[in-house]
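*Asks:* Below you'll find the structure I mean.
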Amino acid sequence: MDPYDILIKPQLTEKSMNAIDYKNELTFVVRRTARKPQIKQAFQELYDVKVERVNTQINSRGEKLAYLKLAEEHSAEDIAVKMGVF
């Protein structure tokens with residue numbers, strides 16, 4: 001499956017911005033049917049970084065959110081700048 005079909009958009013809230021700074025973690029809205037290994041593989045393909053773990057949650061609007069914890073050698077802030085978040 002195409003990585004762009006899995007990762008829909010970055011989630012930009014105050015909580016997700018704090019996660020970038022303090023937890024080295026990025027938050028994305030993902031396809032509802034996507035599994036954790038698929039999300040991890042799609043992100044690693046697109047941004048060429050190592051993902052330690054993926055946590056998912058379905059919010060009250062029915063969107064599936066993926067919390068991607070990056071390996072220490074990669075910076076979530078650098079990836080966010082490349083995506084145009086800052």
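A note on labels: chains of the structure tokens are A, B, ... as shown, every chain counts residues from 1, and ligands are counted from 1 in their shown order.
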Near Val85 in chain A, counting only C-alpha atoms, which residues have an atom at most 10 Å away, once you skip same-chain residues fewer than 5 positions from it, shown as number ranges by chain?

*Replies:* A: 10-12, 17, 77-80

*Asks:* With a distance cut-off of 12 Å and only C-alpha atoms, select the neighbouring residues of Glu63 in chain A, excluding the residue or stretch itself and same-chain residues fewer than 2 positions from it, and output the selection as a PyMOL selection string.

*Replies:* chain A and resi 7-9+11+28-34+56-61+65-66

*Asks:* Report the distance between CA of Lys40 in chain A and CA of Glu72 in chain A in Å, rounded to one decimal place.

*Replies:*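 CA of Lys40 in chain A sits 15.9 Å away from CA of Glu72 in chain A.
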
*Asks:* Would you compute the distance between CA of Ile39 in chain A and CA of Glu25 in chain A? Give it in Å to one decimal.

*Replies:*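 Those two atoms sit 14.0 Å apart.
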
*Asks:* Take CA of Glu52 in chain A and CA of Phe86 in chain A and report the distance between them in Å, one decimal.

*Replies:* 23.4 Å

*Asks:* Using only C-alpha atoms, which residue out of A:Met1, A:Ala71, A:Val81, A:Ala76 lies closest to Arg35 in chain A?

*Replies:*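 Smallest separation from Arg35 in chain A among the options: A:Met1.
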
*Asks:* Considering only C-alpha atoms, can you say which of A:Lys15, A:Lys82, A:Lys64, A:Lys23 comes closest to Leu46 in chain A?

*Replies:*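 Of all the options, A:Lys82 lies closest to Leu46 in chain A.
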
*Asks:* Let's see if you can do this: from backbone DSSP, list all strand (DSSP E or B) residues in range 6-82 of chain A, as an MDAnalysis selection string.

*Replies:* chainID A and resid 7:10 25:30 51:58 64:70

*Asks:* So that I can check the surroundings of Tyr47 in chain A, please list as a list in words every protein, DNA and RNA residue that reaches within 10 Å of it, counting only C-alpha atoms and ignoring chain neighbours fewer than 3 positions away.

*Replies:* Ala42, Phe43, Gln44, Lys50, Ile79, Lys82 and Met83 of chain A

*Asks:* Out of range 10-84 of chain A, which residues get alpha helix (DSSP H) from DSSP, as number ranges by chain?

*Replies:* A: 14-23, 36-47, 76-83

*Asks:* Output the selection as a JSON list (two decimals), in the first residue's frame - C-alpha atoms for each residue.

*Replies:*
```json
[["chain", "number", "residue", "atom", "x", "y", "z"],
["A", 14, "GLU", "CA", -1.04, 21.84, 21.71],
["A", 15, "LYS", "CA", -0.62, 18.29, 23.02],
["A", 16, "SER", "CA", 1.06, 17.09, 19.82],
["A", 17, "MET", "CA", 3.38, 20.12, 19.73],
["A", 18, "ASN", "CA", 4.48, 19.39, 23.31],
["A", 19, "ALA", "CA", 5.07, 15.74, 22.34],
["A", 20, "ILE", "CA", 7.43, 16.90, 19.58],
["A", 21, "ASP", "CA", 9.47, 18.96, 22.05],
["A", 22, "TYR", "CA", 9.48, 16.73, 25.12],
["A", 23, "LYS", "CA", 8.87, 13.14, 23.95],
["A", 36, "LYS", "CA", 0.61, -0.46, 13.53],
["A", 37, "PRO", "CA", 3.26, -2.26, 11.41],
["A", 38, "GLN", "CA", 1.85, -0.64, 8.26],
["A", 39, "ILE", "CA", 1.92, 2.82, 9.87],
["A", 40, "LYS", "CA", 5.50, 2.30, 11.05],
["A", 41, "GLN", "CA", 6.68, 1.11, 7.64],
["A", 42, "ALA", "CA", 4.93, 3.96, 5.79],
["A", 43, "PHE", "CA", 6.49, 6.62, 8.03],
["A", 44, "GLN", "CA", 9.96, 5.08, 7.80],
["A", 45, "GLU", "CA", 9.70, 4.97, 3.99],
["A", 46, "LEU", "CA", 8.58, 8.58, 3.67],
["A", 47, "TYR", "CA", 10.92, 10.25, 6.14],
["A", 76, "ALA", "CA", 10.98, 14.90, 15.75],
["A", 77, "GLU", "CA", 11.51, 18.65, 15.57],
["A", 78, "ASP", "CA", 13.67, 18.30, 12.43],
["A", 79, "ILE", "CA", 11.03, 16.13, 10.75],
["A", 80, "ALA", "CA", 8.30, 18.62, 11.72],
["A", 81, "VAL", "CA", 10.31, 21.46, 10.16],
["A", 82, "LYS", "CA", 10.68, 19.42, 6.93],
["A", 83, "MET", "CA", 6.90, 18.89, 6.88]]
```
